[in-house]
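Participant: This one is model_8.csv, CSV, C-alpha atoms.
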```
chain,number,residue,atom,x,y,z
A,619,MET,CA,0.0,0.0,0.0
A,620,LYS,CA,1.3,3.5,-0.9
A,621,HIS,CA,0.2,6.8,0.5
A,622,ILE,CA,-2.2,8.7,-1.6
A,623,GLU,CA,-2.4,12.5,-1.5
A,624,LYS,CA,-5.9,13.5,-2.4
A,625,HIS,CA,-6.5,16.4,-4.7
A,626,LYS,CA,-9.6,18.4,-5.5
A,627,PRO,CA,-12.5,16.5,-7.0
A,628,PRO,CA,-13.2,17.0,-10.7
A,629,GLY,CA,-15.3,20.1,-11.5
A,630,SER,CA,-17.8,18.0,-13.5
A,631,LEU,CA,-18.5,16.0,-10.3
A,632,GLU,CA,-18.9,19.1,-8.2
A,633,GLN,CA,-21.3,20.6,-10.7
A,634,TRP,CA,-23.4,17.5,-10.9
A,635,LEU,CA,-23.6,17.3,-7.1
A,636,ALA,CA,-24.7,20.9,-7.0
A,637,LEU,CA,-27.8,20.0,-9.0
A,638,GLY,CA,-29.4,18.3,-6.0
A,639,ASN,CA,-32.7,19.8,-5.0
A,640,ASP,CA,-35.9,19.0,-3.1
A,641,ASN,CA,-37.1,16.7,-5.9
A,642,TRP,CA,-33.8,15.0,-6.7
A,643,GLN,CA,-30.7,14.1,-4.8
A,644,PRO,CA,-27.5,12.7,-6.4
A,645,THR,CA,-26.6,9.2,-5.4
A,646,TYR,CA,-23.7,7.0,-6.5
A,647,ASP,CA,-26.2,4.7,-8.2
A,648,ASN,CA,-27.3,7.4,-10.6
A,649,LEU,CA,-23.8,8.8,-11.2
A,650,GLN,CA,-23.2,8.3,-15.0
A,651,ASN,CA,-20.8,9.4,-17.7
A,652,PRO,CA,-19.3,11.8,-18.4
A,653,GLN,CA,-19.1,12.6,-14.7
A,654,LYS,CA,-18.3,9.0,-13.6
A,655,ALA,CA,-15.6,8.6,-16.3
A,656,GLN,CA,-14.0,11.9,-15.3
A,657,LEU,CA,-14.1,10.9,-11.7
A,658,GLN,CA,-12.3,7.6,-12.4
A,659,ARG,CA,-9.6,9.4,-14.5
A,660,ASN,CA,-9.0,11.9,-11.7
A,661,LEU,CA,-8.6,9.1,-9.1
A,662,LEU,CA,-6.2,7.3,-11.4
A,663,ALA,CA,-4.2,10.5,-12.1
A,664,GLU,CA,-3.8,11.4,-8.4
A,665,GLN,CA,-2.6,7.8,-7.7
A,666,GLY,CA,-0.1,7.8,-10.5
A,667,TRP,CA,-2.1,5.2,-12.4
A,668,ILE,CA,-1.6,2.4,-9.9
A,669,CYS,CA,-4.0,0.5,-7.7
A,670,CYS,CA,-4.8,2.1,-4.4
A,671,TYR,CA,-4.1,-1.1,-2.5
A,672,CYS,CA,-1.5,-3.4,-4.3
A,673,GLY,CA,0.2,-0.7,-6.4
A,674,ARG,CA,0.3,-2.4,-9.7
A,675,SER,CA,-0.2,-0.4,-12.9
A,676,VAL,CA,-3.8,0.1,-14.0
A,677,SER,CA,-5.8,1.9,-16.7
A,678,GLU,CA,-9.3,3.1,-17.1
A,679,GLU,CA,-10.1,-0.3,-18.7
A,680,ASP,CA,-8.9,-2.5,-15.9
A,681,SER,CA,-9.8,-0.5,-12.8
A,682,HIS,CA,-12.9,0.5,-10.9
A,683,ILE,CA,-13.9,3.2,-8.5
A,684,GLU,CA,-13.4,1.9,-5.0
A,685,HIS,CA,-15.2,3.0,-1.8
A,686,PHE,CA,-12.7,2.6,1.0
A,687,ARG,CA,-15.5,2.7,3.5
A,688,PRO,CA,-18.2,0.5,1.9
A,689,GLN,CA,-21.4,2.2,0.8
A,690,GLU,CA,-23.5,-0.4,2.6
A,691,HIS,CA,-22.2,0.7,6.0
A,692,TYR,CA,-21.3,4.4,5.2
A,693,PRO,CA,-24.0,5.6,2.8
A,694,ASN,CA,-23.2,9.2,3.7
A,695,LEU,CA,-19.7,8.7,2.2
A,696,ALA,CA,-20.8,7.2,-1.1
A,697,LEU,CA,-20.0,10.4,-3.0
A,698,ASP,CA,-17.4,11.8,-0.7
A,699,TYR,CA,-14.3,12.3,-2.8
A,700,GLY,CA,-12.1,11.6,0.2
A,701,ASN,CA,-13.5,8.1,0.4
A,702,LEU,CA,-13.1,7.3,-3.3
A,703,HIS,CA,-10.0,5.6,-4.9
A,704,ALA,CA,-9.2,3.6,-8.0
A,705,SER,CA,-8.6,-0.1,-7.5
A,706,CYS,CA,-7.5,-2.8,-9.9
A,707,LEU,CA,-9.8,-5.5,-11.4
A,708,ARG,CA,-12.6,-3.9,-13.3
A,709,MET,CA,-14.3,-7.1,-14.2
A,710,THR,CA,-14.4,-10.4,-12.3
A,711,ASN,CA,-15.1,-13.9,-13.5
A,712,PRO,CA,-16.7,-16.6,-11.4
A,713,GLY,CA,-14.1,-18.7,-9.6
A,714,THR,CA,-11.3,-16.3,-10.2
A,715,PRO,CA,-9.4,-15.4,-7.0
A,716,LEU,CA,-10.1,-11.8,-6.0
A,717,HIS,CA,-7.9,-9.3,-4.4
A,718,CYS,CA,-7.9,-5.5,-3.5
A,719,GLY,CA,-11.2,-3.7,-3.8
A,720,HIS,CA,-13.3,-6.7,-5.0
A,721,ALA,CA,-11.9,-8.9,-2.3
A,722,LYS,CA,-12.8,-6.4,0.4
A,723,GLY,CA,-16.4,-5.9,-0.8
A,724,ASP,CA,-18.6,-4.7,2.1
A,725,LYS,CA,-16.4,-6.2,4.8
A,726,PHE,CA,-14.8,-3.5,6.9
A,727,ASP,CA,-13.7,-2.9,10.5
A,728,GLU,CA,-13.0,0.8,11.1
A,729,ASP,CA,-10.8,0.1,14.1
A,730,GLN,CA,-8.6,-2.3,12.2
A,731,ALA,CA,-8.4,-0.7,8.8
A,732,ILE,CA,-5.3,1.1,7.4
A,733,SER,CA,-6.2,3.8,4.9
A,734,PRO,CA,-4.0,4.6,1.9
A,735,LEU,CA,-4.5,8.2,2.9
A,736,GLU,CA,-2.4,7.6,6.1
A,737,PRO,CA,1.1,9.0,5.4
A,738,ASP,CA,2.9,6.0,7.0
A,739,CYS,CA,0.7,3.3,5.5
A,740,GLY,CA,3.5,1.9,3.4
A,741,LEU,CA,5.7,1.4,6.5
A,742,GLN,CA,3.1,-1.1,7.8
A,743,PHE,CA,4.4,-3.7,5.4
A,744,ARG,CA,7.6,-5.3,4.4
A,745,TYR,CA,8.5,-7.4,1.4
A,746,THR,CA,10.8,-10.3,0.5
A,747,LEU,CA,12.7,-10.7,-2.8
A,748,ASP,CA,10.4,-13.5,-3.8
A,749,GLY,CA,7.4,-11.1,-3.7
A,750,GLN,CA,5.9,-12.0,-0.3
A,751,ILE,CA,4.3,-9.3,1.8
A,752,LEU,CA,5.0,-9.3,5.5
A,753,PRO,CA,2.6,-7.2,7.7
A,754,ASN,CA,4.3,-5.3,10.5
A,755,SER,CA,1.3,-4.8,12.8
A,756,GLY,CA,-2.1,-6.3,13.7
A,757,LYS,CA,-3.8,-3.8,11.5
A,758,ALA,CA,-1.5,-4.7,8.6
A,759,VAL,CA,-2.4,-8.4,9.1
A,760,TYR,CA,-6.1,-7.4,8.9
A,761,MET,CA,-5.6,-5.5,5.7
A,762,CYS,CA,-3.5,-8.3,4.1
A,763,ASN,CA,-6.3,-10.7,4.8
A,764,LEU,CA,-9.1,-8.3,3.9
A,765,LEU,CA,-7.5,-7.4,0.5
A,766,ARG,CA,-5.8,-10.7,-0.1
A,767,LEU,CA,-2.5,-8.8,-0.7
A,768,ASP,CA,-0.7,-12.1,-0.2
A,769,SER,CA,-2.4,-13.9,-3.1
A,770,GLU,CA,-0.3,-16.0,-5.4
A,771,PHE,CA,-1.2,-13.7,-8.2
A,772,LEU,CA,0.3,-10.6,-6.5
A,773,ASN,CA,3.2,-12.5,-5.0
A,774,ALA,CA,4.3,-13.7,-8.4
A,775,ARG,CA,4.1,-10.2,-10.0
A,776,ARG,CA,5.9,-8.5,-7.1
A,777,GLU,CA,8.7,-11.2,-7.4
A,778,GLN,CA,9.0,-10.5,-11.2
A,779,ILE,CA,9.3,-6.8,-10.6
A,780,LEU,CA,11.8,-7.1,-7.7
A,781,GLU,CA,14.0,-9.6,-9.5
A,782,GLY,CA,14.0,-7.4,-12.6
A,783,ALA,CA,15.0,-4.3,-10.7
A,784,LEU,CA,17.5,-5.8,-8.3
A,785,SER,CA,19.8,-8.2,-10.0
A,786,SER,CA,22.4,-10.1,-8.0
A,787,GLU,CA,25.1,-7.8,-9.4
A,788,ILE,CA,23.3,-4.8,-8.1
A,789,LEU,CA,22.7,-6.3,-4.7
A,790,ASP,CA,26.3,-7.4,-4.4
A,791,SER,CA,28.0,-4.2,-5.5
A,792,ALA,CA,25.7,-1.3,-4.8
A,793,THR,CA,26.7,1.3,-2.2
A,794,ASP,CA,24.2,2.9,0.1
A,795,GLU,CA,24.3,6.0,-2.2
A,796,ASP,CA,23.6,3.8,-5.2
A,797,LEU,CA,20.7,2.1,-3.4
A,798,LEU,CA,19.3,5.5,-2.3
A,799,ARG,CA,19.2,6.8,-5.9
A,800,LEU,CA,17.5,3.6,-7.1
A,801,GLN,CA,15.0,3.8,-4.3
A,802,GLU,CA,14.1,7.3,-5.1
A,803,SER,CA,13.8,6.5,-8.9
A,804,PHE,CA,11.0,4.0,-8.1
A,805,LYS,CA,9.0,6.7,-6.3
A,806,ARG,CA,9.0,9.1,-9.3
A,807,PRO,CA,6.3,9.2,-12.0
A,808,ASP,CA,7.2,9.4,-15.7
A,809,ILE,CA,6.5,12.4,-17.9
A,810,ASN,CA,2.9,11.2,-18.2
A,811,GLY,CA,2.4,11.0,-14.4
A,812,HIS,CA,2.5,7.2,-14.3
A,813,LEU,CA,4.3,5.7,-11.3
A,814,PRO,CA,6.3,2.5,-11.9
A,815,ASN,CA,4.5,-0.8,-11.7
A,816,PHE,CA,4.8,-1.9,-8.1
A,817,GLY,CA,7.3,0.9,-7.7
A,818,HIS,CA,6.5,1.4,-4.0
A,819,VAL,CA,7.3,-2.3,-3.4
A,820,VAL,CA,10.7,-1.9,-4.9
A,821,ALA,CA,11.4,1.3,-3.1
A,822,ARG,CA,10.3,-0.3,0.2
A,823,TYR,CA,12.5,-3.3,-0.3
A,824,ILE,CA,15.5,-1.2,-1.0
A,825,GLU,CA,14.7,0.8,2.1
A,826,GLN,CA,14.8,-2.4,4.1
A,827,LEU,CA,18.2,-3.3,2.6
A,828,ARG,CA,19.6,0.1,3.5
A,829,GLN,CA,18.4,-0.4,7.1
A,830,GLN,CA,20.5,-3.6,7.5
A,831,PRO,CA,23.8,-3.0,9.3
A,832,ASN,CA,25.9,-4.7,6.7
A,833,VAL,CA,24.8,-2.4,3.8
```
Now, as a test, write the supplied structure out as C-alpha cells.
Facilitator:
Amino acid sequence: MKHIEKHKPPGSLEQWLALGNDNWQPTYDNLQNPQKAQLQRNLLAEQGWICCYCGRSVSEEDSHIEHFRPQEHYPNLALDYGNLHASCLRMTNPGTPLHCGHAKGDKFDEDQAISPLEPDCGLQFRYTLDGQILPNSGKAVYMCNLLRLDSEFLNARREQILEGALSSEILDSATDEDLLRLQESFKRPDINGHLPNFGHVVARYIEQLRQQPNV
C-alpha cells in the first residue's frame, strides 16, 4: 500500500452534485458518464495510475472506482471524494481469486483498517525478494487478509518486478548511495504522471536493505 495524497474532485462531479434539490438528490447509483468517467480518471491520475491497494499499474479499462469505507455501511460517504479511490480488477469472473477492492467488498472494520491516505501506511508492510508481503502490525495483518494482498497472483508479480529491478550484481556491488538513488527512482512518476508498476514495493524493499547494518 502506498500513501495517496488527495487532490480536488473534478469540476464535473462538483457541478453534478450541485444539481441536488428537493425533488432529486444525487446518489452513487445514478452517477453516470461523463461525470463518472472523469471521476475515475481523476482518481487514477492522483494515484499515479496504480491500484490504491496493491500498487500495480492500472488503466481506465482494468480498474474500478473503490469506496474505502463501503457504501452499505457508510451511505453518507458514497459520493465523498475523500472516500473514493481507484482499485485494480474492473471485471471479475466466477471462480477467479479476488484481491484488493473486489476482495474487500462490504467487509470493513474501522478500528482495524489502514487507509491509503495515512502517510505512513507503506511502512506497515515489508517485502521479500520473492514477492511475499509481510505485515508489521495487527492492522497490517487485517488489511492483508481483507484485501488478499498475499495472493499467489500478487506475490508472483511482485517477485517478477523485484528480480527485474534488483539483479544479484546490483545487490552485491551497490553502495548505500547507489541504493538510495535507485530507491528514489522508483518513487517518481514518468512524464505522463504514471508511477512504476509496483514501484513502491521496490522502493520499500530497497529501504529495508539500507536499514540492514551490513549495507
Participant: Kindly indicate which residue among A:Pro652, A:Gly740, A:Gly700, A:Pro688 lies nearest to Glu664 in chain A, using all atoms listed in the file for the distances.
Facilitator: A:Gly700
Participant: Name the closest residue to Cys669 in chain A among the candidates A:Ala774, A:Cys718, A:Cys739, A:Leu800; distances are taken between atoms, counting all atoms listed in the file.
Facilitator: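 Of A:Ala774, A:Cys718, A:Cys739, A:Leu800, the one nearest Cys669 in chain A is A:Cys718, counting all atoms listed in the file.
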Participant: Quick check, in Å to one decimal: how far apart do CA of Lys757 in chain A and CA of His717 in chain A lie?
Facilitator: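 According to the coordinates, CA of Lys757 in chain A and CA of His717 in chain A are separated by 17.3 Å.
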Participant: Compare A:Asn648, A:Gln830, A:Ser733, A:Ser705 by their minimum atom-to-atom distance to His621 in chain A, counting all atoms listed in the file, and give me the closest one.
Facilitator: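 Once distances to His621 in chain A are computed over all atoms listed in the file, the minimum belongs to A:Ser733.
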Participant: Smallest atom-to-atom distance to Glu679 in chain A: which of A:Glu825, A:Ala758, A:Pro715, A:Ala704, using only C-alpha atoms?
Facilitator: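 That would be A:Ala704, the residue with the smallest distance to Glu679 in chain A.
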Participant: Using only C-alpha atoms, which residues sit within 7 Å of Lys805 in chain A once same-chain residues fewer than 3 positions away are excluded, as a ChimeraX atom specification?
Facilitator: /A:801-802,813,817-818,821
Participant: When distances are computed from only C-alpha atoms, which of A:Arg766, A:Arg744, A:His812, A:Arg776 shows the smallest separation from Leu827 in chain A?
Facilitator: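 So, comparing all the options, the nearest one is A:Arg744.
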